[in-house]
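What follows is data33.pdb (PDB, C-alpha atoms, pLDDT in the B column).
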```pdb
ATOM      1  CA  MET B   1      12.710  -3.263   8.067  1.00 34.00           C
ATOM      2  CA  SER B   2       9.094  -4.042   8.965  1.00 36.00           C
ATOM      3  CA  ALA B   3       6.933  -1.420  10.660  1.00 37.00           C
ATOM      4  CA  PRO B   4       6.643  -1.653  14.461  1.00 36.00           C
ATOM      5  CA  GLU B   5       3.552  -3.443  15.701  1.00 36.00           C
ATOM      6  CA  SER B   6       2.339  -0.183  17.236  1.00 38.00           C
ATOM      7  CA  GLU B   7       2.164   1.491  13.826  1.00 41.00           C
ATOM      8  CA  PRO B   8      -0.392   0.903  11.076  1.00 43.00           C
ATOM      9  CA  VAL B   9       1.097  -0.924   8.118  1.00 38.00           C
ATOM     10  CA  VAL B  10       0.604   1.287   5.071  1.00 39.00           C
ATOM     11  CA  ARG B  11       2.658   0.284   2.076  1.00 39.00           C
ATOM     12  CA  PRO B  12       4.087   2.965  -0.251  1.00 39.00           C
ATOM     13  CA  SER B  13       1.965   3.078  -3.368  1.00 40.00           C
ATOM     14  CA  HIS B  14       1.249   5.386  -6.283  1.00 39.00           C
ATOM     15  CA  ALA B  15      -1.967   3.587  -7.216  1.00 40.00           C
ATOM     16  CA  PRO B  16      -4.737   6.110  -7.941  1.00 46.00           C
ATOM     17  CA  VAL B  17      -8.430   5.414  -7.326  1.00 55.00           C
ATOM     18  CA  MET B  18      -9.100   6.199 -10.982  1.00 71.00           C
ATOM     19  CA  ASP B  19      -6.762   6.961 -13.851  1.00 88.00           C
ATOM     20  CA  ASP B  20      -5.899  10.632 -13.370  1.00 92.00           C
ATOM     21  CA  ASP B  21      -6.548  11.707 -16.962  1.00 93.00           C
ATOM     22  CA  ARG B  22      -9.986  10.073 -17.021  1.00 94.00           C
ATOM     23  CA  ALA B  23     -10.823  11.483 -13.595  1.00 96.00           C
ATOM     24  CA  LEU B  24      -9.811  15.006 -14.622  1.00 97.00           C
ATOM     25  CA  GLN B  25     -11.866  14.848 -17.812  1.00 97.00           C
ATOM     26  CA  LEU B  26     -14.859  13.570 -15.860  1.00 97.00           C
ATOM     27  CA  LEU B  27     -14.531  16.286 -13.222  1.00 98.00           C
ATOM     28  CA  ARG B  28     -13.955  19.036 -15.766  1.00 97.00           C
ATOM     29  CA  ASP B  29     -16.622  18.172 -18.349  1.00 98.00           C
ATOM     30  CA  GLY B  30     -19.191  15.983 -16.582  1.00 98.00           C
ATOM     31  CA  ARG B  31     -22.665  16.925 -15.400  1.00 97.00           C
ATOM     32  CA  LEU B  32     -22.509  17.887 -11.742  1.00 97.00           C
ATOM     33  CA  ASP B  33     -25.477  16.911  -9.557  1.00 97.00           C
ATOM     34  CA  VAL B  34     -25.582  17.909  -5.877  1.00 96.00           C
ATOM     35  CA  ALA B  35     -26.584  15.070  -3.532  1.00 94.00           C
ATOM     36  CA  GLY B  36     -25.992  16.721  -0.153  1.00 94.00           C
ATOM     37  CA  ARG B  37     -23.815  18.922   2.004  1.00 93.00           C
ATOM     38  CA  LEU B  38     -20.972  17.947   4.345  1.00 90.00           C
ATOM     39  CA  VAL B  39     -22.156  19.858   7.391  1.00 84.00           C
ATOM     40  CA  GLU B  40     -18.919  19.448   9.389  1.00 82.00           C
ATOM     41  CA  ALA B  41     -16.971  21.532   6.863  1.00 83.00           C
ATOM     42  CA  THR B  42     -16.262  25.190   7.639  1.00 83.00           C
ATOM     43  CA  ASN B  43     -16.897  26.327   4.068  1.00 91.00           C
ATOM     44  CA  MET B  44     -19.716  25.168   1.804  1.00 94.00           C
ATOM     45  CA  THR B  45     -18.716  21.639   0.793  1.00 96.00           C
ATOM     46  CA  LEU B  46     -21.151  19.712  -1.391  1.00 97.00           C
ATOM     47  CA  TYR B  47     -21.182  15.978  -2.046  1.00 97.00           C
ATOM     48  CA  CYS B  48     -22.007  15.447  -5.705  1.00 97.00           C
ATOM     49  CA  SER B  49     -22.096  12.963  -8.521  1.00 97.00           C
ATOM     50  CA  VAL B  50     -20.421  13.795 -11.811  1.00 97.00           C
ATOM     51  CA  THR B  51     -21.424  11.996 -15.015  1.00 97.00           C
ATOM     52  CA  LEU B  52     -19.911  11.942 -18.494  1.00 96.00           C
ATOM     53  CA  GLY B  53     -20.321   9.446 -21.321  1.00 93.00           C
ATOM     54  CA  GLY B  54     -21.850   6.776 -19.143  1.00 91.00           C
ATOM     55  CA  ARG B  55     -19.231   7.109 -16.400  1.00 94.00           C
ATOM     56  CA  THR B  56     -20.223   8.401 -12.973  1.00 95.00           C
ATOM     57  CA  ALA B  57     -18.126   9.168  -9.909  1.00 96.00           C
ATOM     58  CA  ALA B  58     -18.633  10.838  -6.569  1.00 96.00           C
ATOM     59  CA  CYS B  59     -16.925  14.161  -5.976  1.00 97.00           C
ATOM     60  CA  VAL B  60     -16.686  17.159  -3.662  1.00 97.00           C
ATOM     61  CA  TYR B  61     -17.647  20.592  -4.984  1.00 98.00           C
ATOM     62  CA  LYS B  62     -16.648  23.747  -3.065  1.00 98.00           C
ATOM     63  CA  PRO B  63     -18.092  26.860  -4.737  1.00 98.00           C
ATOM     64  CA  VAL B  64     -16.242  30.134  -4.266  1.00 98.00           C
ATOM     65  CA  ARG B  65     -19.458  31.819  -3.123  1.00 96.00           C
ATOM     66  CA  GLY B  66     -19.548  29.457  -0.130  1.00 96.00           C
ATOM     67  CA  GLU B  67     -16.075  30.341   1.164  1.00 96.00           C
ATOM     68  CA  ARG B  68     -15.975  31.929   4.599  1.00 94.00           C
ATOM     69  CA  PRO B  69     -13.834  35.111   4.668  1.00 93.00           C
ATOM     70  CA  LEU B  70     -10.481  34.695   6.452  1.00 93.00           C
ATOM     71  CA  TRP B  71      -8.331  37.417   7.954  1.00 91.00           C
ATOM     72  CA  ASP B  72      -5.084  36.072   6.486  1.00 91.00           C
ATOM     73  CA  PHE B  73      -6.117  34.901   3.005  1.00 96.00           C
ATOM     74  CA  PRO B  74      -7.709  36.994   0.245  1.00 95.00           C
ATOM     75  CA  ASP B  75     -11.444  36.432  -0.234  1.00 95.00           C
ATOM     76  CA  GLY B  76     -12.497  34.074  -2.998  1.00 96.00           C
ATOM     77  CA  THR B  77      -9.110  32.379  -3.444  1.00 97.00           C
ATOM     78  CA  LEU B  78      -9.453  29.082  -1.559  1.00 98.00           C
ATOM     79  CA  ALA B  79     -10.747  27.035  -4.496  1.00 98.00           C
ATOM     80  CA  ALA B  80      -7.821  28.088  -6.683  1.00 98.00           C
ATOM     81  CA  ARG B  81      -5.404  27.195  -3.873  1.00 98.00           C
ATOM     82  CA  GLU B  82      -6.891  23.698  -3.743  1.00 98.00           C
ATOM     83  CA  VAL B  83      -6.248  23.316  -7.470  1.00 98.00           C
ATOM     84  CA  ALA B  84      -2.722  24.709  -7.089  1.00 98.00           C
ATOM     85  CA  ALA B  85      -2.024  22.091  -4.391  1.00 98.00           C
ATOM     86  CA  PHE B  86      -3.119  19.387  -6.837  1.00 98.00           C
ATOM     87  CA  GLU B  87      -0.766  20.760  -9.496  1.00 98.00           C
ATOM     88  CA  VAL B  88       2.180  20.627  -7.072  1.00 98.00           C
ATOM     89  CA  SER B  89       1.135  17.145  -5.978  1.00 98.00           C
ATOM     90  CA  GLN B  90       1.179  15.947  -9.594  1.00 97.00           C
ATOM     91  CA  ALA B  91       4.574  17.534 -10.165  1.00 98.00           C
ATOM     92  CA  THR B  92       6.039  15.596  -7.231  1.00 98.00           C
ATOM     93  CA  GLY B  93       4.775  12.300  -8.657  1.00 97.00           C
ATOM     94  CA  TRP B  94       3.432  11.378  -5.222  1.00 97.00           C
ATOM     95  CA  ARG B  95      -0.291  11.823  -6.031  1.00 96.00           C
ATOM     96  CA  ILE B  96      -0.987  13.225  -2.588  1.00 97.00           C
ATOM     97  CA  VAL B  97      -3.976  15.322  -3.676  1.00 98.00           C
ATOM     98  CA  PRO B  98      -6.886  13.602  -5.449  1.00 97.00           C
ATOM     99  CA  PRO B  99      -7.713  14.786  -8.994  1.00 98.00           C
ATOM    100  CA  THR B 100      -8.963  18.373  -8.659  1.00 98.00           C
ATOM    101  CA  VAL B 101     -10.216  20.965 -11.149  1.00 98.00           C
ATOM    102  CA  TYR B 102     -11.617  24.492 -11.156  1.00 98.00           C
ATOM    103  CA  ARG B 103     -14.957  24.582 -12.930  1.00 98.00           C
ATOM    104  CA  ASP B 104     -18.426  26.072 -13.008  1.00 98.00           C
ATOM    105  CA  GLY B 105     -21.184  24.313 -11.090  1.00 97.00           C
ATOM    106  CA  PRO B 106     -24.730  24.709  -9.771  1.00 96.00           C
ATOM    107  CA  PHE B 107     -23.572  27.450  -7.354  1.00 97.00           C
ATOM    108  CA  GLY B 108     -21.028  29.076  -9.624  1.00 97.00           C
ATOM    109  CA  PRO B 109     -17.301  28.494 -10.121  1.00 98.00           C
ATOM    110  CA  GLY B 110     -15.371  26.500  -7.576  1.00 98.00           C
ATOM    111  CA  MET B 111     -13.181  23.519  -6.832  1.00 98.00           C
ATOM    112  CA  CYS B 112     -14.288  20.009  -7.818  1.00 98.00           C
ATOM    113  CA  GLN B 113     -12.344  17.027  -6.429  1.00 98.00           C
ATOM    114  CA  LEU B 114     -12.717  13.273  -6.808  1.00 97.00           C
ATOM    115  CA  TRP B 115     -14.291  11.687  -3.721  1.00 96.00           C
ATOM    116  CA  ILE B 116     -12.049   9.151  -1.965  1.00 94.00           C
ATOM    117  CA  ASP B 117     -13.395   6.137  -0.069  1.00 91.00           C
ATOM    118  CA  THR B 118     -10.952   5.389   2.746  1.00 88.00           C
ATOM    119  CA  GLU B 119      -9.687   2.246   4.472  1.00 76.00           C
ATOM    120  CA  ARG B 120     -11.818   2.142   7.614  1.00 78.00           C
ATOM    121  CA  GLU B 121      -9.678  -0.500   9.344  1.00 81.00           C
ATOM    122  CA  ILE B 122      -6.700   1.850   9.774  1.00 85.00           C
ATOM    123  CA  ASP B 123      -6.454   3.749  13.062  1.00 86.00           C
ATOM    124  CA  LEU B 124      -6.091   7.345  11.902  1.00 88.00           C
ATOM    125  CA  MET B 125      -4.385   8.563  15.079  1.00 90.00           C
ATOM    126  CA  ARG B 126      -1.769   5.820  14.834  1.00 92.00           C
ATOM    127  CA  LEU B 127      -1.242   6.688  11.175  1.00 93.00           C
ATOM    128  CA  VAL B 128      -0.739  10.366  12.046  1.00 93.00           C
ATOM    129  CA  ARG B 129       1.850   9.495  14.715  1.00 93.00           C
ATOM    130  CA  SER B 130       3.629   6.857  12.625  1.00 93.00           C
ATOM    131  CA  ARG B 131       6.891   7.242  10.736  1.00 94.00           C
ATOM    132  CA  ASN B 132       5.435   5.708   7.630  1.00 95.00           C
ATOM    133  CA  PRO B 133       7.233   6.794   4.416  1.00 96.00           C
ATOM    134  CA  VAL B 134       3.929   7.588   2.700  1.00 96.00           C
ATOM    135  CA  VAL B 135       2.996  10.018   5.477  1.00 97.00           C
ATOM    136  CA  ARG B 136       6.531  11.420   5.418  1.00 98.00           C
ATOM    137  CA  ARG B 137       6.029  12.419   1.799  1.00 98.00           C
ATOM    138  CA  MET B 138       2.966  14.360   2.900  1.00 98.00           C
ATOM    139  CA  ALA B 139       5.030  16.190   5.526  1.00 98.00           C
ATOM    140  CA  VAL B 140       7.431  17.305   2.781  1.00 98.00           C
ATOM    141  CA  PHE B 141       4.537  18.284   0.532  1.00 98.00           C
ATOM    142  CA  ASP B 142       2.999  20.396   3.304  1.00 98.00           C
ATOM    143  CA  ALA B 143       6.297  22.215   3.802  1.00 98.00           C
ATOM    144  CA  ILE B 144       6.383  22.999   0.067  1.00 98.00           C
ATOM    145  CA  VAL B 145       2.840  24.373  -0.156  1.00 98.00           C
ATOM    146  CA  ASN B 146       2.983  26.007   3.304  1.00 98.00           C
ATOM    147  CA  ASN B 147      -0.090  24.154   4.550  1.00 98.00           C
ATOM    148  CA  ALA B 148      -1.644  26.088   7.421  1.00 97.00           C
ATOM    149  CA  ASP B 149      -4.143  23.357   8.349  1.00 96.00           C
ATOM    150  CA  ARG B 150      -2.922  19.737   8.129  1.00 97.00           C
ATOM    151  CA  LYS B 151      -5.358  17.994  10.453  1.00 96.00           C
ATOM    152  CA  GLY B 152      -5.330  14.249  11.001  1.00 94.00           C
ATOM    153  CA  GLY B 153      -8.753  13.954   9.402  1.00 92.00           C
ATOM    154  CA  HIS B 154      -7.299  15.303   6.171  1.00 95.00           C
ATOM    155  CA  LEU B 155      -5.389  12.033   5.654  1.00 96.00           C
ATOM    156  CA  LEU B 156      -7.322   9.504   3.588  1.00 95.00           C
ATOM    157  CA  PRO B 157      -5.704   6.024   3.665  1.00 94.00           C
ATOM    158  CA  LEU B 158      -6.669   3.535   0.945  1.00 93.00           C
ATOM    159  CA  PRO B 159      -6.717  -0.280   1.079  1.00 88.00           C
ATOM    160  CA  THR B 160      -3.824  -0.244  -1.453  1.00 89.00           C
ATOM    161  CA  GLY B 161      -1.602   1.541   1.067  1.00 89.00           C
ATOM    162  CA  HIS B 162      -1.739   4.887  -0.687  1.00 92.00           C
ATOM    163  CA  VAL B 163      -2.611   7.916   1.467  1.00 95.00           C
ATOM    164  CA  TYR B 164      -4.323  10.944  -0.020  1.00 97.00           C
ATOM    165  CA  GLY B 165      -4.476  14.387   1.581  1.00 97.00           C
ATOM    166  CA  VAL B 166      -7.360  16.829   1.208  1.00 97.00           C
ATOM    167  CA  ASP B 167      -8.458  20.338   2.247  1.00 97.00           C
ATOM    168  CA  HIS B 168      -5.680  22.571   0.909  1.00 98.00           C
ATOM    169  CA  GLY B 169      -7.560  25.864   0.726  1.00 97.00           C
ATOM    170  CA  VAL B 170      -5.255  27.611   3.205  1.00 97.00           C
ATOM    171  CA  CYS B 171      -1.934  26.948   1.490  1.00 98.00           C
ATOM    172  CA  PHE B 172       0.605  29.068  -0.413  1.00 98.00           C
ATOM    173  CA  ALA B 173       0.678  32.099   1.892  1.00 97.00           C
ATOM    174  CA  THR B 174       3.784  34.230   1.425  1.00 97.00           C
ATOM    175  CA  GLU B 175       4.455  34.202   5.195  1.00 95.00           C
ATOM    176  CA  ASP B 176       5.487  30.955   6.900  1.00 94.00           C
ATOM    177  CA  LYS B 177       2.249  29.421   8.197  1.00 95.00           C
ATOM    178  CA  LEU B 178       3.036  25.701   8.355  1.00 97.00           C
ATOM    179  CA  ARG B 179       0.654  24.190  10.888  1.00 97.00           C
ATOM    180  CA  THR B 180       0.388  20.401  10.972  1.00 97.00           C
ATOM    181  CA  VAL B 181       0.083  17.264  13.071  1.00 97.00           C
ATOM    182  CA  LEU B 182       3.028  15.718  11.186  1.00 97.00           C
ATOM    183  CA  TRP B 183       6.016  17.058  13.146  1.00 97.00           C
ATOM    184  CA  GLN B 184       7.669  13.693  13.898  1.00 97.00           C
ATOM    185  CA  TRP B 185      10.400  14.345  11.297  1.00 97.00           C
ATOM    186  CA  ARG B 186      11.247  17.889  12.390  1.00 97.00           C
ATOM    187  CA  GLY B 187      14.979  18.498  12.020  1.00 97.00           C
ATOM    188  CA  LYS B 188      15.552  15.058  10.466  1.00 98.00           C
ATOM    189  CA  PRO B 189      17.465  14.780   7.179  1.00 98.00           C
ATOM    190  CA  LEU B 190      15.266  14.675   4.105  1.00 98.00           C
ATOM    191  CA  SER B 191      15.111  11.348   2.310  1.00 97.00           C
ATOM    192  CA  ARG B 192      17.091  10.932  -0.903  1.00 97.00           C
ATOM    193  CA  GLU B 193      13.795  10.605  -2.753  1.00 97.00           C
ATOM    194  CA  ALA B 194      12.545  13.914  -1.334  1.00 98.00           C
ATOM    195  CA  VAL B 195      15.741  15.729  -2.286  1.00 98.00           C
ATOM    196  CA  GLY B 196      15.380  14.503  -5.870  1.00 98.00           C
ATOM    197  CA  VAL B 197      11.752  15.609  -6.015  1.00 98.00           C
ATOM    198  CA  LEU B 198      12.597  19.022  -4.560  1.00 98.00           C
ATOM    199  CA  ALA B 199      15.386  19.567  -7.098  1.00 98.00           C
ATOM    200  CA  LYS B 200      12.937  18.825  -9.919  1.00 98.00           C
ATOM    201  CA  LEU B 201      10.316  21.119  -8.419  1.00 98.00           C
ATOM    202  CA  GLU B 202      12.805  23.967  -8.126  1.00 98.00           C
ATOM    203  CA  ARG B 203      13.515  23.798 -11.867  1.00 97.00           C
ATOM    204  CA  ASP B 204       9.860  23.375 -12.777  1.00 98.00           C
ATOM    205  CA  LEU B 205       8.794  26.322 -10.631  1.00 97.00           C
ATOM    206  CA  GLU B 206      11.498  28.588 -12.012  1.00 95.00           C
ATOM    207  CA  SER B 207      11.180  27.910 -15.718  1.00 93.00           C
ATOM    208  CA  GLY B 208       8.821  24.986 -16.311  1.00 95.00           C
ATOM    209  CA  ALA B 209       5.159  24.162 -16.740  1.00 96.00           C
ATOM    210  CA  LEU B 210       4.473  24.103 -12.999  1.00 98.00           C
ATOM    211  CA  GLY B 211       5.515  27.712 -12.527  1.00 97.00           C
ATOM    212  CA  ARG B 212       3.380  28.821 -15.463  1.00 97.00           C
ATOM    213  CA  ARG B 213       0.360  26.884 -14.201  1.00 98.00           C
ATOM    214  CA  LEU B 214       0.651  28.186 -10.640  1.00 98.00           C
ATOM    215  CA  ARG B 215       0.775  31.764 -11.917  1.00 98.00           C
ATOM    216  CA  GLU B 216      -2.703  31.161 -13.343  1.00 98.00           C
ATOM    217  CA  LEU B 217      -3.962  30.206  -9.870  1.00 98.00           C
ATOM    218  CA  LEU B 218      -1.868  32.231  -7.398  1.00 98.00           C
ATOM    219  CA  THR B 219      -0.179  35.607  -7.228  1.00 97.00           C
ATOM    220  CA  SER B 220       3.370  35.990  -8.512  1.00 97.00           C
ATOM    221  CA  ALA B 221       4.519  36.633  -4.932  1.00 98.00           C
ATOM    222  CA  GLU B 222       2.955  33.362  -3.767  1.00 98.00           C
ATOM    223  CA  VAL B 223       4.620  31.399  -6.560  1.00 98.00           C
ATOM    224  CA  GLU B 224       7.960  33.019  -5.772  1.00 98.00           C
ATOM    225  CA  ALA B 225       7.510  32.198  -2.076  1.00 98.00           C
ATOM    226  CA  THR B 226       6.865  28.561  -3.032  1.00 98.00           C
ATOM    227  CA  TRP B 227      10.144  28.491  -4.955  1.00 98.00           C
ATOM    228  CA  HIS B 228      11.963  29.949  -1.947  1.00 98.00           C
ATOM    229  CA  ARG B 229      10.495  27.281   0.357  1.00 98.00           C
ATOM    230  CA  VAL B 230      11.719  24.565  -1.973  1.00 98.00           C
ATOM    231  CA  ARG B 231      15.155  26.204  -2.161  1.00 98.00           C
ATOM    232  CA  ARG B 232      15.292  26.463   1.641  1.00 98.00           C
ATOM    233  CA  LEU B 233      14.479  22.773   2.048  1.00 98.00           C
ATOM    234  CA  LEU B 234      17.275  21.914  -0.379  1.00 98.00           C
ATOM    235  CA  ASP B 235      19.720  24.266   1.367  1.00 98.00           C
ATOM    236  CA  THR B 236      19.008  22.962   4.874  1.00 98.00           C
ATOM    237  CA  GLY B 237      18.544  19.335   3.837  1.00 98.00           C
ATOM    238  CA  VAL B 238      16.170  18.709   6.757  1.00 98.00           C
ATOM    239  CA  HIS B 239      12.471  18.741   7.566  1.00 98.00           C
ATOM    240  CA  PRO B 240      11.482  22.162   8.965  1.00 97.00           C
ATOM    241  CA  TYR B 241      11.031  22.928  12.647  1.00 96.00           C
ATOM    242  CA  PRO B 242       7.816  24.488  13.973  1.00 94.00           C
ATOM    243  CA  SER B 243       7.742  28.269  13.867  1.00 88.00           C
ATOM    244  CA  GLU B 244       8.072  30.194  17.115  1.00 86.00           C
ATOM    245  CA  ASP B 245       5.733  32.854  15.730  1.00 84.00           C
ATOM    246  CA  TRP B 246       2.838  30.689  14.560  1.00 82.00           C
ATOM    247  CA  PRO B 247       0.802  27.898  16.244  1.00 87.00           C
ATOM    248  CA  ALA B 248       2.446  24.604  15.286  1.00 93.00           C
ATOM    249  CA  ILE B 249      -0.658  22.377  15.428  1.00 93.00           C
ATOM    250  CA  PRO B 250      -4.107  23.133  13.990  1.00 90.00           C
ATOM    251  CA  TRP B 251      -7.196  23.087  16.170  1.00 87.00           C
ATOM    252  CA  PRO B 252      -8.860  20.741  16.373  1.00 84.00           C
ATOM    253  CA  PRO B 253      -5.952  18.438  15.444  1.00 82.00           C
ATOM    254  CA  ILE B 254      -8.234  15.807  13.914  1.00 79.00           C
TER     255      ILE B 254
END
```
Kindly transcribe the structure held in the file into structure tokens.
Amino acid sequence: MSAPESEPVVRPSHAPVMDDDRALQLLRDGRLDVAGRLVEATNMTLYCSVTLGGRTAACVYKPVRGERPLWDFPDGTLAAREVAAFEVSQATGWRIVPPTVYRDGPFGPGMCQLWIDTEREIDLMRLVRSRNPVVRRMAVFDAIVNNADRKGGHLLPLPTGHVYGVDHGVCFATEDKLRTVLWQWRGKPLSREAVGVLAKLERDLESGALGRRLRELLTSAEVEATWHRVRRLLDTGVHPYPSEDWPAIPWPPI
């Protein structure tokens, strides 16, 4: 079935901007040079170039020392949460989060993520409100990582049809904090694809490489809470409803 004319046509795609292994090596081992600062960001967010062996790419660097203290997340943990979100993204096979590493930089350790150039022709508000299967994957991903801040501007559509998501520093809380603009599937049955991905994640969190990796980045309680969210999604078989105890939509929404 073709997408309605009122919705942006974004085709499901796994195509990355750069091969993930090469991007991760570049981000992890390359020389990081700061070009400027993204002034709209709440925390220190630096636009950089990273160079290794003749290859250069643009990236975002968020040093821990530039993180603003939050009342509901431990100080100095946002960069590691961004990396943890990437690890979960890779485990799903959906490549929702761009290649992301934790590394040292000009302002100390922090998160370094591949910069994504977006498709400027796509109406972002229409994409947010659409029922596109690529965006639906992101809604499932956000429920897994307990994303407390899925704004519309965090969706990065590509010309290939792939849609990346960024800014995952306030994820993985032990309490339910899901706050997102992607509520159009609330209470709807999960897709067969999502159920298969969730079943794999449950095993990988419990006794696989994903669980071991997340324990390097998060607390044991946060990893356990992630497993319980996955188990709950499998048990209910539906997309979650907004909480009655927590604001459902971030502000500003875009």
(request) Calculate how many Å separate CA of Ala221 in chain B from CA of Thr236 in chain B, rounding to one decimal. (result)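 Calculated distance between CA of Ala221 in chain B and CA of Thr236 in chain B is 22.2 Å.
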(message) What's around Leu78 in chain B at 10 Å? Count only C-alpha atoms, leave out sequence neighbours fewer than 6 positions away in its own chain, and write the answer as a ChimeraX atom specification.
(response) /B:43,62-64,67-70,84,110-111,167-171
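With CA of Gly208 in chain B on one side and CA of Pro240 in chain B on the other, the separation reads 25.6 Å.
Shortest separation to Asp245 in chain B among B:Glu40, B:Gln25, B:Glu175, B:Arg126 occurs at residue B:Glu175, atoms counted being all atoms listed in the file.
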(message) Can you translate the PyMOL selection byres ((chain B and resi 98) around 10) into the concrete residues it hits in this file, as a list in words?
(response)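 Answer for the PyMOL selection byres ((chain B and resi 98) around 10): Pro16, Val17, Met18, Asp20, Ala23, Leu24, Val83, Ala85, Phe86, Ser89, Gln90, Arg95, Ile96, Val97, Pro99, Thr100, Val101, Gln113, Leu114, Trp115, Ile116, Leu156, Val163, Tyr164, Gly165 and Val166 of chain B.
Minimum atom-to-atom distance to Ala225 in chain B, evaluated using only C-alpha atoms, belongs to B:Glu202 out of B:Glu202, B:Asp75, B:Asp123, B:Glu87.
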(request) Take CA of Arg131 in chain B and CA of Ser191 in chain B and report the distance between them in Å, one decimal. (result)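 About the pair CA of Arg131 in chain B and CA of Ser191 in chain B: they are 12.5 Å apart.
Considering all atoms listed in the file, the residue among B:Leu52, B:Val197, B:Ala248, B:Ala91 positioned nearest to Ala148 in chain B is B:Ala248.
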(request) Using all atoms listed in the file, pick whichever of B:Gly54, B:Gly237, B:Gly76, B:Gly36 has the shortest atom-to-atom distance to Leu217 in chain B. (result)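 Selected residue with least distance to Leu217 in chain B: B:Gly76.
Counting only C-alpha atoms and comparing B:Ala194, B:Pro109, B:Glu119, B:Thr77, the residue that lies closest to Pro133 in chain B is B:Ala194.
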(message) Would you pick out the contacts of range 31-35 of chain B at 10 Å or less, using all atoms listed in the file, so that residues sharing its chain but fewer than 5 positions from it are not included, and give the list as a list of chain:residue names?
(response)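 Those residues are B:Leu26, B:Leu46, B:Tyr47, B:Cys48, B:Ser49, B:Val50, B:Thr51, B:Leu52, B:Gly53, B:Thr56, B:Ala57, B:Ala58, B:Cys59, B:Val60, B:Tyr61, B:Asp104, B:Gly105, B:Pro106, B:Phe107, B:Cys112.
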(request) Name the closest residue to Pro189 in chain B among the candidates B:Leu234, B:Leu210, B:Ala173, B:Leu158; distances are taken between atoms, counting all atoms listed in the file. (result)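 The closest residue to Pro189 in chain B is B:Leu234.
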(request) Kindly provide, as a VMD selection string, the polymer residues lying within 12 Å of (7.7, 20.7, -10.2), counting all atoms listed in the file and using the coordinates exactly as they appear in the file. (result) chain B and resid 84 to 94 141 144 to 145 196 to 214 223 226 to 227 230
(request) Spell out the residues picked by the PyMOL selection byres ((chain B and resi 187) around 7) here, as an MDAnalysis selection string. (result) chainID B and resid 185:186 188:189 238:241
Starting from 5 Å padding per side, set up an axis-aligned box that covers all listed atoms of range 242-253 of chain B and hand over centre and edge lengths in Å, one decimal, as JSON.
```
{"center_x": -0.4, "center_y": 25.6, "center_z": 15.5, "size_x": 26.9, "size_y": 24.4, "size_z": 13.2}
```
Decode the PyMOL selection byres ((chain B and resi 180) around 10) for the given file into explicit residues and return them as a PDB file with C-alpha atoms, in the frame of the given file.
```
ATOM      1  CA  ALA B 139       5.030  16.190   5.526  1.00 98.00           C
ATOM      2  CA  ASP B 142       2.999  20.396   3.304  1.00 98.00           C
ATOM      3  CA  ALA B 143       6.297  22.215   3.802  1.00 98.00           C
ATOM      4  CA  ASN B 146       2.983  26.007   3.304  1.00 98.00           C
ATOM      5  CA  ASN B 147      -0.090  24.154   4.550  1.00 98.00           C
ATOM      6  CA  ALA B 148      -1.644  26.088   7.421  1.00 97.00           C
ATOM      7  CA  ASP B 149      -4.143  23.357   8.349  1.00 96.00           C
ATOM      8  CA  ARG B 150      -2.922  19.737   8.129  1.00 97.00           C
ATOM      9  CA  LYS B 151      -5.358  17.994  10.453  1.00 96.00           C
ATOM     10  CA  GLY B 152      -5.330  14.249  11.001  1.00 94.00           C
ATOM     11  CA  LYS B 177       2.249  29.421   8.197  1.00 95.00           C
ATOM     12  CA  LEU B 178       3.036  25.701   8.355  1.00 97.00           C
ATOM     13  CA  ARG B 179       0.654  24.190  10.888  1.00 97.00           C
ATOM     14  CA  VAL B 181       0.083  17.264  13.071  1.00 97.00           C
ATOM     15  CA  LEU B 182       3.028  15.718  11.186  1.00 97.00           C
ATOM     16  CA  TRP B 183       6.016  17.058  13.146  1.00 97.00           C
ATOM     17  CA  PRO B 242       7.816  24.488  13.973  1.00 94.00           C
ATOM     18  CA  PRO B 247       0.802  27.898  16.244  1.00 87.00           C
ATOM     19  CA  ALA B 248       2.446  24.604  15.286  1.00 93.00           C
ATOM     20  CA  ILE B 249      -0.658  22.377  15.428  1.00 93.00           C
ATOM     21  CA  PRO B 250      -4.107  23.133  13.990  1.00 90.00           C
ATOM     22  CA  TRP B 251      -7.196  23.087  16.170  1.00 87.00           C
ATOM     23  CA  PRO B 253      -5.952  18.438  15.444  1.00 82.00           C
TER      24      PRO B 253
END
```
